[in-house]
$ cat query_30.csv   # CSV, N, CA and C atoms
chain,number,residue,atom,x,y,z
J,637,MET,N,82.8,99.6,103.4
J,637,MET,CA,83.0,98.2,103.6
J,637,MET,C,84.2,98.0,104.5
J,638,GLU,N,84.2,97.1,105.4
J,638,GLU,CA,85.3,96.9,106.3
J,638,GLU,C,86.2,95.8,105.7
J,639,ILE,N,87.4,95.8,106.0
J,639,ILE,CA,88.4,94.8,105.5
J,639,ILE,C,88.0,93.4,105.9
J,640,SER,N,87.4,93.2,107.1
J,640,SER,CA,87.0,91.9,107.6
J,640,SER,C,85.9,91.3,106.7
J,641,ALA,N,85.2,92.1,106.0
J,641,ALA,CA,84.1,91.6,105.1
J,641,ALA,C,84.6,91.1,103.8
J,642,VAL,N,85.9,91.3,103.5
J,642,VAL,CA,86.5,90.9,102.2
J,642,VAL,C,87.0,89.5,102.3
J,643,ASN,N,86.7,88.7,101.3
J,643,ASN,CA,87.2,87.3,101.3
J,643,ASN,C,88.7,87.3,101.3
J,644,ASP,N,89.3,86.3,101.9
J,644,ASP,CA,90.8,86.2,102.0
J,644,ASP,C,91.4,86.2,100.6
J,645,TRP,N,90.8,85.4,99.7
J,645,TRP,CA,91.4,85.3,98.3
J,645,TRP,C,91.3,86.7,97.6
J,646,GLU,N,90.2,87.4,97.8
J,646,GLU,CA,90.1,88.8,97.2
J,646,GLU,C,91.2,89.7,97.7
J,647,LEU,N,91.3,89.7,99.1
J,647,LEU,CA,92.3,90.5,99.7
J,647,LEU,C,93.7,90.1,99.2
J,648,GLU,N,94.0,88.8,99.1
J,648,GLU,CA,95.3,88.4,98.7
J,648,GLU,C,95.6,88.8,97.2
J,649,ARG,N,94.6,88.8,96.4
J,649,ARG,CA,94.7,89.2,95.0
J,649,ARG,C,95.0,90.7,94.9
J,650,TYR,N,94.3,91.5,95.8
J,650,TYR,CA,94.5,92.9,95.8
J,650,TYR,C,95.9,93.3,96.3
J,651,VAL,N,96.3,92.6,97.3
J,651,VAL,CA,97.7,92.9,97.9
J,651,VAL,C,98.7,92.5,96.8
J,652,THR,N,98.5,91.4,96.1
J,652,THR,CA,99.4,90.9,95.1
J,652,THR,C,99.6,91.9,94.0
J,653,GLU,N,98.4,92.5,93.6
J,653,GLU,CA,98.5,93.5,92.5
J,653,GLU,C,99.3,94.7,92.9
J,654,ILE,N,99.1,95.2,94.2
J,654,ILE,CA,99.9,96.3,94.6
J,654,ILE,C,101.4,96.0,94.7
J,655,MET,N,101.7,94.8,95.2
J,655,MET,CA,103.1,94.4,95.3
J,655,MET,C,103.8,94.3,94.0
J,656,LEU,N,103.1,93.8,93.0
J,656,LEU,CA,103.7,93.6,91.7
J,656,LEU,C,103.8,95.0,91.0
J,657,ASP,N,102.8,95.9,91.3
J,657,ASP,CA,102.9,97.3,90.8
J,657,ASP,C,104.1,98.0,91.3
J,658,ILE,N,104.4,97.8,92.6
J,658,ILE,CA,105.5,98.5,93.2
J,658,ILE,C,106.8,97.9,92.7
J,659,GLY,N,106.8,96.6,92.4
J,659,GLY,CA,108.0,96.0,91.9
J,659,GLY,C,108.7,94.9,92.8
J,660,VAL,N,107.9,94.3,93.6
J,660,VAL,CA,108.4,93.2,94.5
J,660,VAL,C,108.5,92.0,93.6
J,661,PRO,N,109.7,91.4,93.4
J,661,PRO,CA,109.8,90.2,92.5
J,661,PRO,C,109.1,89.0,93.2
J,662,ALA,N,108.2,88.3,92.5
J,662,ALA,CA,107.5,87.2,93.0
J,662,ALA,C,108.3,86.0,93.3
J,663,HIS,N,109.5,85.9,92.8
J,663,HIS,CA,110.4,84.7,93.0
J,663,HIS,C,111.1,84.7,94.3
J,664,LEU,N,111.1,85.8,95.0
J,664,LEU,CA,111.7,85.9,96.3
J,664,LEU,C,110.9,85.4,97.4
J,665,LYS,N,111.5,84.7,98.4
J,665,LYS,CA,110.7,84.2,99.6
J,665,LYS,C,110.1,85.4,100.3
J,666,GLY,N,110.8,86.5,100.4
J,666,GLY,CA,110.2,87.6,101.1
J,666,GLY,C,108.9,88.1,100.5
J,667,TYR,N,108.7,87.9,99.2
J,667,TYR,CA,107.5,88.3,98.5
J,667,TYR,C,106.3,87.6,99.3
J,668,HIS,N,106.3,86.3,99.5
J,668,HIS,CA,105.3,85.6,100.2
J,668,HIS,C,105.1,86.0,101.6
J,669,TYR,N,106.2,86.2,102.3
J,669,TYR,CA,106.2,86.7,103.7
J,669,TYR,C,105.6,88.1,103.8
J,670,LEU,N,106.0,88.9,102.8
J,670,LEU,CA,105.5,90.3,102.8
J,670,LEU,C,104.0,90.4,102.5
J,671,ARG,N,103.6,89.6,101.6
J,671,ARG,CA,102.1,89.5,101.3
J,671,ARG,C,101.3,89.1,102.6
J,672,ASP,N,101.8,88.1,103.3
J,672,ASP,CA,101.1,87.7,104.5
J,672,ASP,C,101.2,88.8,105.5
J,673,ALA,N,102.3,89.5,105.7
J,673,ALA,CA,102.5,90.5,106.6
J,673,ALA,C,101.5,91.7,106.4
J,674,ILE,N,101.4,92.0,105.1
J,674,ILE,CA,100.5,93.1,104.7
J,674,ILE,C,99.0,92.7,105.0
J,675,MET,N,98.7,91.5,104.7
J,675,MET,CA,97.3,91.0,104.9
J,675,MET,C,97.0,91.0,106.4
J,676,LEU,N,97.9,90.5,107.2
J,676,LEU,CA,97.7,90.5,108.7
J,676,LEU,C,97.6,91.9,109.2
J,677,SER,N,98.4,92.8,108.7
J,677,SER,CA,98.4,94.1,109.2
J,677,SER,C,97.1,94.9,108.8
J,678,GLY,N,96.7,94.6,107.6
J,678,GLY,CA,95.4,95.2,107.1
J,678,GLY,C,94.2,94.8,108.0
J,679,LYS,N,94.2,93.6,108.5
J,679,LYS,CA,93.2,93.1,109.3
J,679,LYS,C,93.3,93.6,110.8
J,680,ASP,N,94.5,93.8,111.2
J,680,ASP,CA,94.8,94.2,112.6
J,680,ASP,C,96.1,95.1,112.6
J,681,MET,N,95.9,96.4,112.6
J,681,MET,CA,97.1,97.3,112.5
J,681,MET,C,97.9,97.3,113.8
J,682,GLU,N,97.5,96.6,114.9
J,682,GLU,CA,98.2,96.5,116.1
J,682,GLU,C,99.5,95.7,115.9
J,683,VAL,N,99.5,94.7,114.9
J,683,VAL,CA,100.6,93.9,114.7
J,683,VAL,C,101.8,94.7,114.2
J,684,VAL,N,101.6,95.8,113.5
J,684,VAL,CA,102.6,96.6,112.9
J,684,VAL,C,103.5,97.2,114.1
J,685,SER,N,102.8,97.5,115.2
J,685,SER,CA,103.5,98.2,116.3
J,685,SER,C,104.4,97.2,117.0
J,686,SER,N,104.3,95.9,116.7
J,686,SER,CA,105.1,94.9,117.4
J,686,SER,C,105.5,93.8,116.3
J,687,VAL,N,106.3,94.2,115.3
J,687,VAL,CA,106.6,93.3,114.3
J,687,VAL,C,107.5,92.1,114.8
J,688,THR,N,108.4,92.4,115.7
J,688,THR,CA,109.3,91.3,116.1
J,688,THR,C,108.7,90.4,117.1
J,689,LYS,N,107.7,90.8,117.8
J,689,LYS,CA,107.0,90.0,118.8
J,689,LYS,C,105.8,89.3,118.3
J,690,LEU,N,105.1,89.9,117.4
J,690,LEU,CA,103.8,89.3,116.9
J,690,LEU,C,103.9,88.9,115.4
J,691,LEU,N,104.2,89.9,114.5
J,691,LEU,CA,104.1,89.7,113.1
J,691,LEU,C,105.1,88.6,112.6
J,692,TYR,N,106.4,88.8,112.8
J,692,TYR,CA,107.4,87.9,112.2
J,692,TYR,C,107.2,86.4,112.8
J,693,PRO,N,106.9,86.3,114.1
J,693,PRO,CA,106.7,84.9,114.6
J,693,PRO,C,105.5,84.2,114.0
J,694,THR,N,104.4,85.0,113.8
J,694,THR,CA,103.2,84.5,113.2
J,694,THR,C,103.5,84.0,111.8
J,695,ILE,N,104.2,84.8,111.0
J,695,ILE,CA,104.5,84.4,109.6
J,695,ILE,C,105.5,83.2,109.6
J,696,ALA,N,106.4,83.3,110.5
J,696,ALA,CA,107.4,82.2,110.6
J,696,ALA,C,106.7,80.8,110.9
J,697,LYS,N,105.8,80.9,111.8
J,697,LYS,CA,105.0,79.6,112.1
J,697,LYS,C,104.3,79.1,110.9
J,698,HIS,N,103.6,80.0,110.2
J,698,HIS,CA,102.8,79.7,109.0
J,698,HIS,C,103.7,79.0,107.9
J,699,PHE,N,104.9,79.5,107.7
J,699,PHE,CA,105.8,79.0,106.7
J,699,PHE,C,106.9,78.0,107.2
J,700,LYS,N,106.8,77.7,108.5
J,700,LYS,CA,107.7,76.7,109.1
J,700,LYS,C,109.2,77.2,109.0
J,701,THR,N,109.4,78.4,109.4
J,701,THR,CA,110.8,78.9,109.4
J,701,THR,C,111.0,79.7,110.7
J,702,THR,N,112.1,80.5,110.7
J,702,THR,CA,112.3,81.3,111.9
J,702,THR,C,111.9,82.8,111.6
J,703,ASP,N,111.7,83.5,112.7
J,703,ASP,CA,111.3,84.9,112.6
J,703,ASP,C,112.5,85.7,112.1
J,704,GLN,N,113.7,85.3,112.3
J,704,GLN,CA,114.9,86.0,111.8
J,704,GLN,C,114.9,85.9,110.3
J,705,LYS,N,114.6,84.7,109.8
J,705,LYS,CA,114.7,84.5,108.3
J,705,LYS,C,113.5,85.3,107.7
J,706,VAL,N,112.4,85.4,108.3
J,706,VAL,CA,111.3,86.1,107.8
J,706,VAL,C,111.6,87.6,107.7
J,707,GLU,N,112.2,88.1,108.8
J,707,GLU,CA,112.6,89.6,108.8
J,707,GLU,C,113.6,89.9,107.7
J,708,ARG,N,114.6,89.0,107.5
J,708,ARG,CA,115.7,89.2,106.5
J,708,ARG,C,115.1,89.1,105.1
J,709,ALA,N,114.2,88.1,104.9
J,709,ALA,CA,113.7,88.0,103.5
J,709,ALA,C,112.8,89.1,103.2
J,710,ILE,N,112.0,89.6,104.1
J,710,ILE,CA,111.1,90.8,103.9
J,710,ILE,C,112.0,92.0,103.6
J,711,ARG,N,113.1,92.2,104.4
J,711,ARG,CA,114.0,93.3,104.2
J,711,ARG,C,114.6,93.3,102.8
J,712,ASN,N,115.0,92.1,102.4
J,712,ASN,CA,115.6,91.9,101.0
J,712,ASN,C,114.5,92.2,99.9
J,713,ALA,N,113.3,91.8,100.1
J,713,ALA,CA,112.3,92.0,99.1
J,713,ALA,C,112.0,93.5,99.0
J,714,ILE,N,112.0,94.2,100.1
J,714,ILE,CA,111.7,95.6,100.1
J,714,ILE,C,112.9,96.4,99.4
J,715,GLU,N,114.1,95.9,99.8
J,715,GLU,CA,115.3,96.6,99.2
J,715,GLU,C,115.3,96.4,97.6
J,716,VAL,N,115.0,95.2,97.2
J,716,VAL,CA,115.0,95.0,95.7
J,716,VAL,C,113.9,95.8,95.1
J,717,SER,N,112.7,95.9,95.6
J,717,SER,CA,111.7,96.7,95.0
J,717,SER,C,112.0,98.2,95.1
J,718,TRP,N,112.7,98.6,96.2
J,718,TRP,CA,113.1,100.0,96.3
J,718,TRP,C,114.1,100.4,95.3
J,719,LEU,N,115.1,99.5,95.0
J,719,LEU,CA,116.1,99.9,94.0
J,719,LEU,C,115.7,99.7,92.6
J,720,ARG,N,114.9,98.6,92.3
J,720,ARG,CA,114.5,98.3,90.9
J,720,ARG,C,113.0,98.5,90.6
J,721,GLY,N,112.2,98.8,91.6
J,721,GLY,CA,110.8,98.9,91.4
J,721,GLY,C,110.3,100.1,90.7
J,722,ASN,N,109.0,100.3,90.7
J,722,ASN,CA,108.3,101.3,90.0
J,722,ASN,C,108.4,102.6,90.8
J,723,THR,N,109.3,103.5,90.4
J,723,THR,CA,109.5,104.8,91.1
J,723,THR,C,108.2,105.6,91.2
J,724,GLU,N,107.5,105.7,90.2
J,724,GLU,CA,106.2,106.5,90.2
J,724,GLU,C,105.2,106.0,91.2
J,725,THR,N,105.1,104.6,91.3
J,725,THR,CA,104.2,104.1,92.3
J,725,THR,C,104.7,104.4,93.7
J,726,PHE,N,106.0,104.3,93.9
J,726,PHE,CA,106.6,104.6,95.3
J,726,PHE,C,106.3,106.1,95.6
J,727,GLU,N,106.5,107.0,94.6
J,727,GLU,CA,106.2,108.4,94.9
J,727,GLU,C,104.8,108.6,95.3
J,728,LYS,N,103.9,107.9,94.6
J,728,LYS,CA,102.4,108.0,94.9
J,728,LYS,C,102.1,107.5,96.3
J,729,MET,N,102.6,106.3,96.6
J,729,MET,CA,102.3,105.6,97.8
J,729,MET,C,103.0,106.2,99.1
J,730,PHE,N,104.3,106.5,98.9
J,730,PHE,CA,105.1,106.9,100.1
J,730,PHE,C,105.4,108.4,100.1
J,731,GLY,N,105.3,109.0,99.0
J,731,GLY,CA,105.6,110.4,98.9
J,731,GLY,C,107.1,110.7,98.6
J,732,TYR,N,107.9,109.6,98.4
J,732,TYR,CA,109.3,109.7,98.0
J,732,TYR,C,109.7,108.3,97.4
J,733,SER,N,110.9,108.3,96.8
J,733,SER,CA,111.4,107.1,96.2
J,733,SER,C,112.9,107.1,96.2
J,734,ALA,N,113.5,106.1,95.7
J,734,ALA,CA,115.0,106.0,95.7
J,734,ALA,C,115.5,107.1,94.8
J,735,ALA,N,114.7,107.5,93.8
J,735,ALA,CA,115.2,108.5,92.8
J,735,ALA,C,115.3,109.9,93.5
J,736,SER,N,114.6,110.1,94.6
J,736,SER,CA,114.7,111.3,95.3
J,736,SER,C,115.8,111.3,96.4
J,737,GLY,N,116.6,110.2,96.4
J,737,GLY,CA,117.7,110.2,97.3
J,737,GLY,C,117.4,109.8,98.7
J,738,ARG,N,116.2,109.5,99.0
J,738,ARG,CA,115.8,109.1,100.4
J,738,ARG,C,116.2,107.6,100.7
J,739,MET,N,116.3,107.3,101.9
J,739,MET,CA,116.6,105.9,102.4
J,739,MET,C,115.3,105.2,102.2
J,740,ARG,N,115.4,103.9,102.0
J,740,ARG,CA,114.2,103.0,101.8
J,740,ARG,C,113.5,103.0,103.1
J,741,PRO,N,112.1,102.8,103.0
J,741,PRO,CA,111.4,102.7,104.3
J,741,PRO,C,111.7,101.4,105.1
J,742,THR,N,111.6,101.5,106.4
J,742,THR,CA,111.8,100.3,107.2
J,742,THR,C,110.8,99.2,106.9
J,743,ASN,N,111.0,98.0,107.3
J,743,ASN,CA,110.0,96.9,107.1
J,743,ASN,C,108.6,97.3,107.6
J,744,SER,N,108.6,97.8,108.8
J,744,SER,CA,107.3,98.2,109.5
J,744,SER,C,106.7,99.4,108.8
J,745,GLU,N,107.4,100.4,108.3
J,745,GLU,CA,106.9,101.5,107.6
J,745,GLU,C,106.3,101.0,106.3
J,746,TYR,N,107.0,100.2,105.6
J,746,TYR,CA,106.5,99.7,104.3
J,746,TYR,C,105.2,98.9,104.4
J,747,ILE,N,105.2,98.0,105.4
J,747,ILE,CA,104.1,97.1,105.6
J,747,ILE,C,102.9,98.0,106.1
J,748,ALA,N,103.1,98.9,107.0
J,748,ALA,CA,102.0,99.7,107.5
J,748,ALA,C,101.4,100.6,106.4
J,749,ARG,N,102.3,101.2,105.6
J,749,ARG,CA,101.8,102.1,104.5
J,749,ARG,C,100.9,101.3,103.5
J,750,ILE,N,101.4,100.2,103.1
J,750,ILE,CA,100.6,99.4,102.1
J,750,ILE,C,99.3,98.9,102.8
J,751,ALA,N,99.4,98.4,104.0
J,751,ALA,CA,98.2,97.9,104.7
J,751,ALA,C,97.2,99.0,104.9
J,752,ASP,N,97.7,100.2,105.2
J,752,ASP,CA,96.8,101.3,105.4
J,752,ASP,C,96.1,101.7,104.1
J,753,LYS,N,96.8,101.7,103.0
J,753,LYS,CA,96.3,102.0,101.7
J,753,LYS,C,95.2,101.0,101.4
J,754,ILE,N,95.4,99.8,101.6
J,754,ILE,CA,94.4,98.7,101.3
J,754,ILE,C,93.2,98.9,102.2
J,755,ARG,N,93.3,99.2,103.5
J,755,ARG,CA,92.2,99.4,104.3
J,755,ARG,C,91.4,100.6,103.9
J,756,LEU,N,92.0,101.7,103.5
J,756,LEU,CA,91.3,102.9,103.0
J,756,LEU,C,90.6,102.6,101.6
J,757,ASP,N,91.3,101.9,100.8
J,757,ASP,CA,90.7,101.6,99.5
J,757,ASP,C,89.5,100.7,99.7
J,758,ILE,N,89.5,99.8,100.5
J,758,ILE,CA,88.3,98.9,100.8
J,758,ILE,C,87.2,99.7,101.4
J,759,LYS,N,87.5,100.6,102.4
J,759,LYS,CA,86.5,101.4,103.0
J,759,LYS,C,85.8,102.3,102.0
J,760,SER,N,86.5,102.7,101.0
J,760,SER,CA,85.9,103.7,100.1
J,760,SER,C,85.0,102.9,99.0
J,761,LYS,N,85.0,101.6,99.1
J,761,LYS,CA,84.1,100.9,98.1
J,761,LYS,C,82.7,100.8,98.6
$ encode --input "query_30.csv" --output "structure tokens"
Amino acid sequence: MEISAVNDWELERYVTEIMLDIGVPAHLKGYHYLRDAIMLSGKDMEVVSSVTKLLYPTIAKHFKTTDQKVERAIRNAIEVSWLRGNTETFEKMFGYSAASGRMRPTNSEYIARIADKIRLDIKSK
């Protein structure tokens, strides 16, 4: 099955489950921005190669804010999940975690890895 065949609400629910499993706190603004970024990237992986020109401005327009605020909020949400999140899930998904002493993934690495996992999971259904 292709990701385009999945209902938006089903995709959103699946992305939400992964984000909560990783440990992204739902009360952060970056949580909502990150969820949209992952969903957009899952549908079109090209946006990950141009986060500052395509992805952040698209999300900023949707939430009526600036792309700088979107980037900062996403970075903060990733940082919080990296430091306080589920280490085991990070190890499984990224191959490393904060516990292994590695630096956190960049915004685009984080978004791309989760979007790719979702695309592969949906294809395998």
$ residues_around --input "query_30.csv" --residues "J:Arg671" --least-positions-apart "2" --cutoff "8 Å" --atoms "only N, CA and C atoms" --output "list in words"
Glu648, Val651, Thr652, Met655, Lys665, Gly666, Tyr667, His668, Tyr669, Ala673, Ile674, Met675, Leu676, Ser677 and Ile710 of chain J
$ residues_around --input "query_30.csv" --residues "J:Glu707" --least-positions-apart "2" --cutoff "12 Å" --atoms "only C-alpha atoms" --output "ChimeraX atom specification"
/J:665-670,673,687-696,701-705,709-714,742-744,747
$ write_last_selection --input "query_30.csv" --atoms "N, CA and C atoms" --output "mmCIF file, keeping the file's coordinate frame"
data_model
loop_
_atom_site.group_PDB
_atom_site.id
_atom_site.type_symbol
_atom_site.label_atom_id
_atom_site.label_comp_id
_atom_site.auth_asym_id
_atom_site.auth_seq_id
_atom_site.Cartn_x
_atom_site.Cartn_y
_atom_site.Cartn_z
ATOM 1 N N LYS J 665 111.500 84.700 98.400
ATOM 2 C CA LYS J 665 110.700 84.200 99.600
ATOM 3 C C LYS J 665 110.100 85.400 100.300
ATOM 4 N N GLY J 666 110.800 86.500 100.400
ATOM 5 C CA GLY J 666 110.200 87.600 101.100
ATOM 6 C C GLY J 666 108.900 88.100 100.500
ATOM 7 N N TYR J 667 108.700 87.900 99.200
ATOM 8 C CA TYR J 667 107.500 88.300 98.500
ATOM 9 C C TYR J 667 106.300 87.600 99.300
ATOM 10 N N HIS J 668 106.300 86.300 99.500
ATOM 11 C CA HIS J 668 105.300 85.600 100.200
ATOM 12 C C HIS J 668 105.100 86.000 101.600
ATOM 13 N N TYR J 669 106.200 86.200 102.300
ATOM 14 C CA TYR J 669 106.200 86.700 103.700
ATOM 15 C C TYR J 669 105.600 88.100 103.800
ATOM 16 N N LEU J 670 106.000 88.900 102.800
ATOM 17 C CA LEU J 670 105.500 90.300 102.800
ATOM 18 C C LEU J 670 104.000 90.400 102.500
ATOM 19 N N ALA J 673 102.300 89.500 105.700
ATOM 20 C CA ALA J 673 102.500 90.500 106.600
ATOM 21 C C ALA J 673 101.500 91.700 106.400
ATOM 22 N N VAL J 687 106.300 94.200 115.300
ATOM 23 C CA VAL J 687 106.600 93.300 114.300
ATOM 24 C C VAL J 687 107.500 92.100 114.800
ATOM 25 N N THR J 688 108.400 92.400 115.700
ATOM 26 C CA THR J 688 109.300 91.300 116.100
ATOM 27 C C THR J 688 108.700 90.400 117.100
ATOM 28 N N LYS J 689 107.700 90.800 117.800
ATOM 29 C CA LYS J 689 107.000 90.000 118.800
ATOM 30 C C LYS J 689 105.800 89.300 118.300
ATOM 31 N N LEU J 690 105.100 89.900 117.400
ATOM 32 C CA LEU J 690 103.800 89.300 116.900
ATOM 33 C C LEU J 690 103.900 88.900 115.400
ATOM 34 N N LEU J 691 104.200 89.900 114.500
ATOM 35 C CA LEU J 691 104.100 89.700 113.100
ATOM 36 C C LEU J 691 105.100 88.600 112.600
ATOM 37 N N TYR J 692 106.400 88.800 112.800
ATOM 38 C CA TYR J 692 107.400 87.900 112.200
ATOM 39 C C TYR J 692 107.200 86.400 112.800
ATOM 40 N N PRO J 693 106.900 86.300 114.100
ATOM 41 C CA PRO J 693 106.700 84.900 114.600
ATOM 42 C C PRO J 693 105.500 84.200 114.000
ATOM 43 N N THR J 694 104.400 85.000 113.800
ATOM 44 C CA THR J 694 103.200 84.500 113.200
ATOM 45 C C THR J 694 103.500 84.000 111.800
ATOM 46 N N ILE J 695 104.200 84.800 111.000
ATOM 47 C CA ILE J 695 104.500 84.400 109.600
ATOM 48 C C ILE J 695 105.500 83.200 109.600
ATOM 49 N N ALA J 696 106.400 83.300 110.500
ATOM 50 C CA ALA J 696 107.400 82.200 110.600
ATOM 51 C C ALA J 696 106.700 80.800 110.900
ATOM 52 N N THR J 701 109.400 78.400 109.400
ATOM 53 C CA THR J 701 110.800 78.900 109.400
ATOM 54 C C THR J 701 111.000 79.700 110.700
ATOM 55 N N THR J 702 112.100 80.500 110.700
ATOM 56 C CA THR J 702 112.300 81.300 111.900
ATOM 57 C C THR J 702 111.900 82.800 111.600
ATOM 58 N N ASP J 703 111.700 83.500 112.700
ATOM 59 C CA ASP J 703 111.300 84.900 112.600
ATOM 60 C C ASP J 703 112.500 85.700 112.100
ATOM 61 N N GLN J 704 113.700 85.300 112.300
ATOM 62 C CA GLN J 704 114.900 86.000 111.800
ATOM 63 C C GLN J 704 114.900 85.900 110.300
ATOM 64 N N LYS J 705 114.600 84.700 109.800
ATOM 65 C CA LYS J 705 114.700 84.500 108.300
ATOM 66 C C LYS J 705 113.500 85.300 107.700
ATOM 67 N N ALA J 709 114.200 88.100 104.900
ATOM 68 C CA ALA J 709 113.700 88.000 103.500
ATOM 69 C C ALA J 709 112.800 89.100 103.200
ATOM 70 N N ILE J 710 112.000 89.600 104.100
ATOM 71 C CA ILE J 710 111.100 90.800 103.900
ATOM 72 C C ILE J 710 112.000 92.000 103.600
ATOM 73 N N ARG J 711 113.100 92.200 104.400
ATOM 74 C CA ARG J 711 114.000 93.300 104.200
ATOM 75 C C ARG J 711 114.600 93.300 102.800
ATOM 76 N N ASN J 712 115.000 92.100 102.400
ATOM 77 C CA ASN J 712 115.600 91.900 101.000
ATOM 78 C C ASN J 712 114.500 92.200 99.900
ATOM 79 N N ALA J 713 113.300 91.800 100.100
ATOM 80 C CA ALA J 713 112.300 92.000 99.100
ATOM 81 C C ALA J 713 112.000 93.500 99.000
ATOM 82 N N ILE J 714 112.000 94.200 100.100
ATOM 83 C CA ILE J 714 111.700 95.600 100.100
ATOM 84 C C ILE J 714 112.900 96.400 99.400
ATOM 85 N N THR J 742 111.600 101.500 106.400
ATOM 86 C CA THR J 742 111.800 100.300 107.200
ATOM 87 C C THR J 742 110.800 99.200 106.900
ATOM 88 N N ASN J 743 111.000 98.000 107.300
ATOM 89 C CA ASN J 743 110.000 96.900 107.100
ATOM 90 C C ASN J 743 108.600 97.300 107.600
ATOM 91 N N SER J 744 108.600 97.800 108.800
ATOM 92 C CA SER J 744 107.300 98.200 109.500
ATOM 93 C C SER J 744 106.700 99.400 108.800
ATOM 94 N N ILE J 747 105.200 98.000 105.400
ATOM 95 C CA ILE J 747 104.100 97.100 105.600
ATOM 96 C C ILE J 747 102.900 98.000 106.100
#
$ atom_distance --input "query_30.csv" --atom1 "atom CA of J:Asp644" --atom2 "atom CA of J:Val706"
21.3 Å
$ atom_distance --input "query_30.csv" --atom1 "atom N of J:Asn643" --atom2 "atom C of J:Asp680"
16.0 Å
$ select_by_dssp --input "query_30.csv" --residues "chain J" --states "helix (DSSP H, G or I)" --output "PyMOL selection string"
chain J and resi 639-641+644-658+665-679+681-699+703-720+723-730+734-736+743-759
$ atom_distance --input "query_30.csv" --atom1 "atom CA of J:Ser685" --atom2 "atom N of J:Glu653"
24.0 Å
